[in-house]
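Asks: Before anything else, here's the structure in question.
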Amino acid sequence: MSKISFYQFLSQFPKADLHYHLLGGVRLETMLAFAKKYDYPLSELEAKSYYRAYKAETGSTKGGIAALTFLYELMQEAEDYERVLLEVAEDAHACGVRYIETFWNPSDTHLSYDDVNQALVRGIEKSLLQFNITIRLIPSINREKSPELAVEMVEMMLQHPHPYVLGIGIDYKEHNASVELFWQAYRLAQDNGYKLTAHCSEFGLHWRNVVAGIELVEVDRIDHGYSIIDNPKLTAQYAEQGIPFTVVPSNTYFLSQWPEHAEWQVKHPIRAMAKAGLNIIPCTDDWHMHATDSTNCYRVMVEDFGFDIESLKHFMLNSLGASWLPKKLKKQLVSQWTTEFDLLRAQIDQEPEIAPQHLIEYRRHPVSKHKIYVNKA
């Protein structure tokens, strides 16, 4: 049996990314290509300011929401969305990703919902053929706009249904727009069979935002949700219920809270969420904008946060369980991916060593599909 490095293992074992913003996956060269295509005045240095990887060169990074808003203005034809989706698939394929559920914001594009959706569908079908990767769509509410626009988004989904569109989400800054303000859009989507998710407590905001998503809006899963650990009683309750939380190791807010790497490693709430037994799924969020990818996402979980390699398998299984794939297919993939994971792990030439005081062994109970058990070495 040929040996592989730990990093090769991280790039090859099968993964699902359930928290991926489509335009966060736009490559720098693609942004510049769009600017040239539409004769938009954008220098390379200005373009780089949207990407964390070039922060030292540009002196700052706009990144995140500013980048997404700018790109929606820049992408003026439906074919631009198809191009981006295909490039997302190509990049993800190189990291062993087999399945993505990706957000996009219909209220931010100047094009019609149906035109963009059909372009994305074309990209999805080509992605499956070219890269053997399955991508599904989550139209997402821009919470900085009105609840009425959110309802209009869902109405457009109902007017132009497609089996690749699985549910709705909500993103952008939640400081003055907790999820319950958009209950009508969520209720309309739920009543018509769509799944629900929501960005809650992303930027250190109160745990009440998570509770609003789970108890009032009745989402199927939470994106981010870090502040829930400030309420131990609710944390234990949601751990018992198996509520999925898509967490992002590259989250900008916590990098700014603890710029010292050693402090960030220890204090990041992902560690506390795991120790509390929450059903967490590592995800990338804004791939190119945040200078990360799925390989790096899982590397951080081991080398920075201290999870052992067996924990990665349970994160992988969590991602399948929390996905909106059909139940029969989930069951098949659990068996298939587990076998692939174990075979690849057996080929690692040397597993990384983790200091005992930093180690977290995250284990999913083999019987219950909900309960997660965690033991600290």
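Letters A, B, ... go to the chains of the structure tokens in the order shown; residues in each chain start at 1; ligands are counted from 1 in the same order.
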Counting only C-alpha atoms, what is within 12 Å of A:Leu42, bar same-chain residues fewer than 2 positions away, as a list in words?
Replies: Leu28, Glu29, Met31, Leu32, Ala33, Phe34, Ala35, Lys36, Lys37, Tyr38, Asp39, Tyr40, Glu44, Leu45, Glu46, Ala47, Lys48, Ser49, Tyr50, Phe70, Leu71 and Leu74 of chain A
Asks: Could you give me the residues within stretch 124-241 of chain A that DSSP places in helix (DSSP H, G or I), as a compact mmCIF listing (two decimals) with C-alpha atoms, in the first residue's frame?
Replies:
```txt
# COMPACT_ATOMS: atom_id res chain seq x y z
CA ILE A 124 -24.47 22.34 -11.80
CA GLU A 125 -25.09 19.85 -14.59
CA LYS A 126 -21.70 20.56 -16.18
CA SER A 127 -20.01 20.29 -12.76
CA LEU A 128 -21.38 16.82 -12.23
CA LEU A 129 -20.10 15.68 -15.62
CA GLN A 130 -16.70 17.37 -15.44
CA PHE A 131 -15.82 17.07 -11.76
CA PRO A 147 -38.85 41.57 4.98
CA GLU A 148 -41.14 42.28 2.03
CA LEU A 149 -38.28 41.69 -0.39
CA ALA A 150 -37.62 38.40 1.37
CA VAL A 151 -41.20 37.32 0.73
CA GLU A 152 -40.81 38.35 -2.91
CA MET A 153 -37.73 36.11 -3.13
CA VAL A 154 -39.69 33.08 -1.96
CA GLU A 155 -42.54 33.95 -4.32
CA MET A 156 -40.05 33.93 -7.20
CA MET A 157 -38.86 30.51 -6.08
CA LEU A 158 -42.44 29.28 -6.15
CA GLN A 159 -43.02 30.75 -9.61
CA VAL A 179 -34.08 36.31 11.82
CA GLU A 180 -37.60 36.46 13.27
CA LEU A 181 -38.23 39.74 11.40
CA PHE A 182 -38.36 37.62 8.25
CA TRP A 183 -40.79 35.02 9.58
CA GLN A 184 -43.26 35.48 6.73
CA ALA A 185 -40.72 34.53 4.08
CA TYR A 186 -39.63 31.54 6.13
CA ARG A 187 -43.22 30.41 6.78
CA LEU A 188 -44.03 30.66 3.07
CA ALA A 189 -40.97 28.59 2.19
CA GLN A 190 -41.68 26.02 4.90
CA ASP A 191 -45.32 25.67 3.88
CA ARG A 208 -31.09 34.97 21.63
CA ASN A 209 -30.58 35.21 17.86
CA VAL A 210 -29.91 31.46 17.75
CA VAL A 211 -32.99 30.79 19.86
CA ALA A 212 -35.09 32.92 17.51
CA GLY A 213 -33.92 30.84 14.57
CA ILE A 214 -34.60 27.50 16.23
CA GLU A 215 -37.68 28.19 18.34
CA LEU A 216 -39.53 30.90 16.40
CA TYR A 226 -21.24 30.55 18.21
CA SER A 227 -22.79 32.59 21.02
CA ILE A 228 -25.04 29.72 22.05
CA ILE A 229 -22.22 28.52 24.29
CA ASP A 230 -22.92 31.54 26.52
CA PRO A 232 -25.06 26.32 28.91
CA LYS A 233 -28.63 25.12 29.45
CA LEU A 234 -29.68 25.78 25.86
CA THR A 235 -26.38 24.44 24.56
CA ALA A 236 -27.05 21.12 26.30
CA GLN A 237 -30.62 21.09 24.99
CA TYR A 238 -29.59 21.71 21.37
CA ALA A 239 -26.79 19.15 21.68
CA GLU A 240 -29.34 16.58 22.81
CA GLN A 241 -31.65 17.50 19.94
```
Asks: As a PyMOL selection string, please: the residues near A:Asp114 (cut-off 8 Å, only C-alpha atoms, same-chain neighbours under 3 positions excluded).
Replies: chain A and resi 117-118+156+160
Asks: Would you write out those residues with N, CA and C atoms, as a PDB file, in the first residue's frame?
Replies:
```
ATOM      1  N   ASN A 117     -30.958  31.555 -11.905  1.00  0.00           N
ATOM      2  CA  ASN A 117     -31.146  30.179 -11.456  1.00  0.00           C
ATOM      3  C   ASN A 117     -30.888  29.185 -12.582  1.00  0.00           C
ATOM      4  N   GLN A 118     -31.369  29.495 -13.776  1.00  0.00           N
ATOM      5  CA  GLN A 118     -31.145  28.600 -14.910  1.00  0.00           C
ATOM      6  C   GLN A 118     -29.665  28.533 -15.284  1.00  0.00           C
ATOM      7  N   MET A 156     -40.738  34.228  -5.940  1.00  0.00           N
ATOM      8  CA  MET A 156     -40.045  33.935  -7.195  1.00  0.00           C
ATOM      9  C   MET A 156     -39.633  32.462  -7.264  1.00  0.00           C
ATOM     10  N   HIS A 160     -40.863  29.772 -10.115  1.00  0.00           N
ATOM     11  CA  HIS A 160     -39.868  29.101 -10.962  1.00  0.00           C
ATOM     12  C   HIS A 160     -39.219  27.956 -10.174  1.00  0.00           C
TER      13      HIS A 160
END
```
Asks: Of the candidates A:Ile168, A:Val121, A:Leu359, A:Leu205, which one gets nearest to A:Ile309 if we count only C-alpha atoms?
Replies: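 Checking each candidate against A:Ile309, we get A:Leu359 as the closest.
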Asks: Need the shell around A:Asn176: protein/DNA/RNA residues with any atom at most 12 Å away, counting only C-alpha atoms. Skip same-chain ones fewer than 6 positions apart. Format as a short mmCIF file (atom, residue, chain, number, x, y, z; two decimals) with N, CA and C atoms, in the first residue's frame?
Replies:
```cif
data_model
loop_
_atom_site.label_atom_id
_atom_site.label_comp_id
_atom_site.auth_asym_id
_atom_site.auth_seq_id
_atom_site.Cartn_x
_atom_site.Cartn_y
_atom_site.Cartn_z
N ARG A 143 -30.61 40.29 4.79
CA ARG A 143 -31.34 40.81 5.95
C ARG A 143 -31.17 42.31 6.12
N GLU A 144 -30.30 42.93 5.34
CA GLU A 144 -30.15 44.38 5.38
C GLU A 144 -31.22 45.06 4.54
N LYS A 145 -32.01 44.26 3.82
CA LYS A 145 -33.13 44.77 3.05
C LYS A 145 -34.43 44.39 3.75
N SER A 146 -35.56 44.73 3.16
CA SER A 146 -36.83 44.61 3.87
C SER A 146 -37.36 43.19 3.92
N CYS A 200 -26.98 33.04 12.29
CA CYS A 200 -27.37 33.59 13.60
C CYS A 200 -26.14 33.68 14.50
N SER A 201 -26.03 34.80 15.23
CA SER A 201 -24.94 35.00 16.19
C SER A 201 -23.58 34.79 15.55
N LEU A 205 -22.81 38.20 18.38
CA LEU A 205 -24.11 38.70 18.85
C LEU A 205 -24.78 37.70 19.80
N HIS A 206 -25.77 38.16 20.51
CA HIS A 206 -26.37 37.43 21.63
C HIS A 206 -26.94 36.08 21.18
N ASN A 209 -30.40 35.30 19.31
CA ASN A 209 -30.58 35.21 17.86
C ASN A 209 -30.64 33.76 17.42
#
```
Asks: Rank nothing, just name the residue among A:Ile280, A:Leu120, A:Ile354, A:Ala291 nearest to A:Phe315, using only C-alpha atoms.
Replies: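 For A:Phe315, the nearest of the given residues is A:Ile280.
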Asks: I'd like to know which of A:Ile222, A:Lys331, A:Pro249, A:Arg83 is closest to A:Thr295, using only C-alpha atoms.
Replies: A:Pro249
Asks: Step one, run DSSP on the backbone; step two, keep only residues of stretch 8-171 of chain A assigned to strand (DSSP E); then write them as a list in words.
Replies: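 Selecting the strand (DSSP E) positions of stretch 8-171 of chain A gives Lys15, Ala16, Asp17, Leu18, His19, Tyr20, His21, Val97, Arg98, Tyr99, Ile100, Glu101, Thr102, Phe103, Trp104, Thr134, Ile135, Arg136, Leu137, Ile138, Pro139, Ser140, Ile141, Asn142, Gly167, Ile168, Gly169, Ile170 and Asp171 of chain A.
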Asks: Excluding stretch 138-140 of chain A and any residue of its chain fewer than 5 positions from it, enumerate the residues within 6 Å of it, using only C-alpha atoms, and give them as an mmCIF file with C-alpha atoms, in the first residue's frame.
Replies:
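Contents of result-v5.cif, as written:
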```cif
data_model
loop_
_atom_site.group_PDB
_atom_site.id
_atom_site.type_symbol
_atom_site.label_atom_id
_atom_site.label_comp_id
_atom_site.auth_asym_id
_atom_site.auth_seq_id
_atom_site.Cartn_x
_atom_site.Cartn_y
_atom_site.Cartn_z
ATOM 1 C CA THR A 102 -24.336 27.126 -1.811
ATOM 2 C CA PHE A 103 -25.962 30.448 -0.976
ATOM 3 C CA TRP A 104 -26.711 33.247 -3.410
ATOM 4 C CA ASN A 105 -28.773 36.427 -2.930
ATOM 5 C CA GLY A 167 -34.360 25.725 0.748
ATOM 6 C CA ILE A 168 -33.701 29.285 1.879
ATOM 7 C CA GLY A 169 -31.169 30.999 4.112
ATOM 8 C CA ILE A 170 -30.469 34.481 5.457
#
```
Asks: Name all residues at most 6 Å from A:Ile135 (count only C-alpha atoms; drop same-chain ones fewer than 2 positions away) and give them as a list in words.
Replies: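 The filter keeps Tyr99, Ile100, Glu101 and Ile124 of chain A.
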Asks: What's around A:Gln347 at 10 Å? Count only C-alpha atoms, leave out sequence neighbours fewer than 2 positions away in its own chain, and write the answer as a PyMOL selection string.
Replies: chain A and resi 1-6+8-9+342-345+349-350
Asks: Those selected residues, please, written with C-alpha atoms and delivered as a tab-separated table (two decimals), in the first residue's frame.
Replies:
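Produced file part_25.tsv, reproduced below:
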```
chain	number	residue	atom	x	y	z
A	1	MET	CA	0.00	0.00	0.00
A	2	SER	CA	1.46	3.35	-1.05
A	3	LYS	CA	1.82	6.00	1.64
A	4	ILE	CA	0.39	9.51	1.54
A	5	SER	CA	1.09	12.59	3.62
A	6	PHE	CA	-1.36	13.97	6.12
A	8	GLN	CA	-2.76	14.54	0.89
A	9	PHE	CA	-5.20	12.74	3.14
A	342	ASP	CA	-10.73	4.57	6.60
A	343	LEU	CA	-8.77	3.32	3.57
A	344	LEU	CA	-7.10	6.70	3.07
A	345	ARG	CA	-6.32	7.05	6.77
A	349	ASP	CA	2.70	7.94	6.61
A	350	GLN	CA	2.61	9.96	9.85
```
Asks: Please compute the atom CA of A:Ile270-atom CA of A:Val247 distance, one decimal, in Å.
Replies: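 Value for the atom CA of A:Ile270-atom CA of A:Val247 distance: 7.0 Å.
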